[in-house]
Each structure stands twice: as C-alpha cells, then as structure tokens.
Amino acid sequence: MSRIRRATVAALTCWLALTACSGPTAPDTKNSGPRPLTADEADRVALARFTTYRRGTGNVTMTIPSQGRTITLTGRVDWRRHLGYAELHNDAEPPARELVQWTITDVTTRPHWTGGLPKRPPTTGWETHRLTPHHSPLDTALILLLNLGADRPDNAQLLARSSARLVRRDQVAGTPVIVVAGPAAPNTAAAARSPLGNTRYWIDRDGRLLRFQARAGGESAWMTTELPQTRADPLPSPQRV
C-alpha cells in the first residue's frame with residue numbers, strides 16, 4: 001500500500017456523494033440561503049451531472065484533507081468512458097507522489113513518481129487492484145470523480161421536494177453560480193444532525209458544475225473538486241499489468 005493511500009485511511013470512509021459521515025454543518029448565512037430550491041434552481045441542479053457528462057473529458061483538481069495534511073489530485077476525467085488519469089501528491093516533506101489511472105472497477109498506480117503528469121504515461125512500474133470504496137478512502141474519491149457525470153438529467157421535481165437547499169450565490173473564476181447543499185442522507189442520525197447534508201455544488205446559469213465539495217470521515221475541512229471548463233486532452237489508454 002502506498003504512502004498516499006495509507007495517509008487517507010482515516011479521512012474518507014464512505015461514499016462521499018451519497019452518505020453523511022461528519023458532524024453538524026453550520027448554515028451559511030451569506031446572501032439569502034439556506035432555503036428550498038426554486039424550480040429554476042432545481043432545474044440547474046438536475047442538469048449538473050448531465051452537462052458534465054456531455055463535455056466528455058475535463059480537467060479536474062481535487063484536494064482531500066487527511067489527518068492535518070492535504071492530498072492533491074491533478075488530472076483529467078473522461079465521464080463518458082468512465083476513465084481517469086492523474087497525479088497524486090501530499091504535502092509531506094518530501095511529498096509522496098504517484099500516477100493513477102482508473103476505471104469504474106480498477107485502479108492502476110505508478111508509485112515513486114518524480115512529478116508532473118506526462119502526456120504519455122510510462123510503460124513499466126504499474127500496480128493494479130480492484131477499487132474497494134468501502135475499504136479504501138482513496139478509491140472512494142476516485143469513484144466519486146467518475147460519478148460527477150451522468151448520461152441523463154436528474155429529476156428536477158424530486159430535487160425541488162428534497163432536502164437540497166440553496167446555500168448562497170457566489171462566483172467561480174468570475175462566473176456567477178448558485179451554491180447548493182445536496183440532499184442529506186436519508187434515515188440516518190448523521191442526516192438529522194446535519195440538515196444541510198455534506199455536499200456542495202457550484203452550478204452556473206447553464207447547469208454546468210464548476211466546483212464540488214464533500215465532507216466525510218469526521219474531517220472539519222471540505223474535500224474540494226475544481227472543474228474548470230477549459231479544453232482537456234484525450235486520456236491515454238489504461239495501462240495493462
């Protein structure tokens with residue numbers, strides 16, 4: 001098990017987008033939230049994963065708080081083919097680095113990397129294992145990234161009637177967005193303590209997801225994923241080990 005994978009064991013221990021694993025979430029009082037979604041806001045949320053899927057491939061940066069340190073993932077995701085390719089490093093001194101390529105079922109890692117995401121990955125030194133999201137926190141994060149895209153919109157009417165809430169209005173790189181707290185996990189004590197849930201979506205007027213946050217594993221800091229709308233290069237084929 002790599003140094004990075006060991007470092008995240010206590011930080012993420014469940015499906016980040018579907019479960020609530022942290023303590024209470026304080027309401028954000030900036031602007032007019034939190035409040036139920038309007039029909040227009042529910043439509044935007046319903047489109048968010050679909051517009052991500054329609055992009056095909058996008059650049060992503062994810063930061064994961066872990067026991068007082070931060071794990072950073074920088075790379076690309078192909079949401080239509082469910083593929084990812086990225087570099088991982090932590091903020092230890094010296095930092096541990098590795099390359100990762102993953103699908104919805106498997107992850108291939110190249111430990112002891114010297115830095116940077118090469119256009120063509122090396123052909124040797126890879127290790128492959130099955131993704132185990134309920135046992136490996138890092139695997140959970142990788143699957144979460146792939147699931148930020150969906151091949152059809154979500155149900156806007158159900159979202160409008162759910163516990164999803166508008167938290168505030170904001171901007172991402174100068175683009176106006178709504179910040180929406182995802183529905184709290186149903187039928188759990190954690191959900192009752194945290195009515196605003198443990199996920200946040202930054203969505204623009206066209207339903208594009210520009211930023212995603214989740215909190216899990218008892219961490220007080222948010223795991224943050226940035227999804228810039230810049231053009232991304234195609235992903236290399238996964239390594240076969």
# chains A, B, ... in the order shown; residues from 1 in each chain; ligands from 1
>>> select_by_dssp(residues="range 17-240 of chain A", states="helix (DSSP H, G or I)", output="compact mmCIF listing (two decimals) with C-alpha atoms, in the first residue's frame")
# COMPACT_ATOMS: atom_id res chain seq x y z
CA ALA A 39 -37.99 25.45 -9.89
CA ASP A 40 -35.21 27.15 -11.88
CA GLU A 41 -32.58 26.22 -9.29
CA ALA A 42 -33.80 22.62 -9.19
CA ASP A 43 -33.52 22.51 -12.99
CA ARG A 44 -29.90 23.66 -12.78
CA VAL A 45 -29.05 21.01 -10.19
CA ALA A 46 -30.79 18.34 -12.26
CA LEU A 47 -28.62 19.26 -15.26
CA ALA A 48 -25.28 19.47 -13.44
CA ARG A 49 -24.07 15.88 -13.84
CA PHE A 50 -25.57 15.64 -17.34
CA THR A 51 -23.71 18.72 -18.59
CA THR A 52 -20.52 17.26 -17.11
CA TYR A 53 -21.15 14.02 -18.99
CA ARG A 54 -21.81 15.87 -22.25
CA ARG A 55 -18.40 17.54 -22.01
CA PRO A 137 -10.86 6.04 1.07
CA LEU A 138 -8.78 7.00 -1.93
CA ASP A 139 -10.69 4.52 -4.07
CA THR A 140 -13.89 6.19 -2.85
CA ALA A 141 -12.62 9.56 -4.07
CA LEU A 142 -11.70 8.15 -7.48
CA ILE A 143 -15.15 6.65 -7.98
CA LEU A 144 -16.73 9.91 -6.85
CA LEU A 145 -14.91 11.77 -9.61
CA LEU A 146 -16.20 9.39 -12.26
CA ALA A 156 -35.81 18.24 -11.01
CA GLN A 157 -39.20 17.79 -9.35
CA LEU A 158 -37.81 15.34 -6.84
CA LEU A 159 -34.88 17.66 -6.13
CA ALA A 160 -37.25 20.59 -5.51
CA ARG A 161 -39.12 18.50 -2.92
CA ALA A 189 -28.68 10.03 12.66
CA ALA A 190 -25.93 11.99 10.87
CA ALA A 191 -28.52 13.36 8.45
CA ALA A 192 -30.68 14.52 11.34
CA ARG A 193 -27.73 16.36 12.87
>>> residues_around(residues="range 95-104 of chain A", least_positions_apart="5", cutoff="8 Å", atoms="only C-alpha atoms", output="number ranges by chain")
A: 3-4, 82-90, 109-115, 117, 131, 142-143, 146, 238-239
>>> atom_distance(atom1="CA of Trp222 in chain A", atom2="CA of Trp202 in chain A")
13.7 Å
>>> closest_residue(among="A:Thr132, A:Arg80, A:Ala181, A:Arg240", to="Thr105 in chain A", atoms="only C-alpha atoms")
A:Thr132
>>> atom_distance(atom1="CA of Asp204 in chain A", atom2="CA of Ile178 in chain A")
6.5 Å
>>> closest_residue(among="A:Thr123, A:Ser163, A:Met223, A:Thr38", to="Ile71 in chain A", atoms="only C-alpha atoms")
A:Met223
>>> select_by_dssp(residues="range 40-213 of chain A", states="strand (DSSP E)", output="CSV table (one decimal) with C-alpha atoms, in the first residue's frame")
chain,number,residue,atom,x,y,z
A,57,THR,CA,-13.4,14.9,-21.0
A,58,GLY,CA,-12.5,17.6,-18.4
A,59,ASN,CA,-9.6,18.8,-16.3
A,60,VAL,CA,-10.0,18.2,-12.5
A,61,THR,CA,-8.2,19.2,-9.4
A,62,MET,CA,-9.2,17.6,-6.1
A,63,THR,CA,-7.9,18.4,-2.6
A,64,ILE,CA,-8.5,15.9,0.2
A,65,PRO,CA,-7.9,16.8,3.8
A,66,SER,CA,-6.4,13.9,5.8
A,69,ARG,CA,-2.4,17.1,5.7
A,70,THR,CA,-3.7,17.6,2.2
A,71,ILE,CA,-3.7,15.1,-0.7
A,72,THR,CA,-3.9,16.7,-4.1
A,73,LEU,CA,-5.1,15.0,-7.3
A,74,THR,CA,-4.5,16.8,-10.6
A,75,GLY,CA,-5.5,15.3,-13.9
A,76,ARG,CA,-8.3,14.5,-16.3
A,77,VAL,CA,-11.5,12.5,-16.3
A,78,ASP,CA,-13.5,11.1,-19.3
A,83,LEU,CA,-11.8,6.8,-17.2
A,84,GLY,CA,-9.4,8.9,-15.1
A,85,TYR,CA,-5.7,9.8,-15.3
A,86,ALA,CA,-4.0,11.9,-12.7
A,87,GLU,CA,-1.0,12.6,-10.5
A,88,LEU,CA,-1.4,12.4,-6.7
A,89,HIS,CA,0.9,14.0,-4.1
A,90,ASN,CA,0.6,15.0,-0.5
A,97,ARG,CA,3.9,11.2,-5.5
A,98,GLU,CA,2.3,8.7,-7.7
A,99,LEU,CA,0.4,8.4,-11.0
A,100,VAL,CA,-3.0,6.9,-11.2
A,101,GLN,CA,-5.2,5.6,-14.0
A,102,TRP,CA,-8.6,4.2,-13.1
A,106,ASP,CA,-10.0,-0.9,-11.2
A,107,VAL,CA,-7.2,1.5,-10.4
A,108,THR,CA,-3.6,1.2,-11.7
A,109,THR,CA,-0.9,3.1,-9.8
A,110,ARG,CA,2.7,4.1,-10.6
A,111,PRO,CA,4.4,4.8,-7.2
A,127,GLU,CA,0.4,-1.9,-10.0
A,128,THR,CA,-3.3,-2.7,-10.4
A,129,HIS,CA,-6.0,-3.6,-7.9
A,130,ARG,CA,-9.8,-3.6,-7.7
A,165,ARG,CA,-31.1,23.8,-0.2
A,166,LEU,CA,-29.7,27.0,-1.8
A,167,VAL,CA,-26.8,28.0,0.5
A,168,ARG,CA,-25.9,31.2,-1.3
A,169,ARG,CA,-25.0,32.9,-4.6
A,170,ASP,CA,-21.3,33.1,-5.4
A,171,GLN,CA,-18.7,33.3,-8.2
A,172,VAL,CA,-16.2,30.8,-9.6
A,175,THR,CA,-18.8,33.2,-13.3
A,176,PRO,CA,-21.9,33.7,-11.2
A,177,VAL,CA,-23.1,30.4,-9.6
A,178,ILE,CA,-25.6,29.1,-7.1
A,179,VAL,CA,-24.2,27.1,-4.3
A,180,VAL,CA,-26.5,24.2,-3.4
A,181,ALA,CA,-26.3,21.8,-0.5
A,199,THR,CA,-22.1,18.0,-0.2
A,200,ARG,CA,-22.0,21.3,-2.1
A,201,TYR,CA,-22.5,22.0,-5.8
A,202,TRP,CA,-21.4,25.3,-7.5
A,203,ILE,CA,-23.6,25.5,-10.6
A,209,LEU,CA,-20.9,22.1,-12.4
A,210,LEU,CA,-17.8,24.2,-11.7
A,211,ARG,CA,-16.9,23.1,-8.2
A,212,PHE,CA,-18.0,20.3,-5.9
A,213,GLN,CA,-17.3,19.8,-2.2
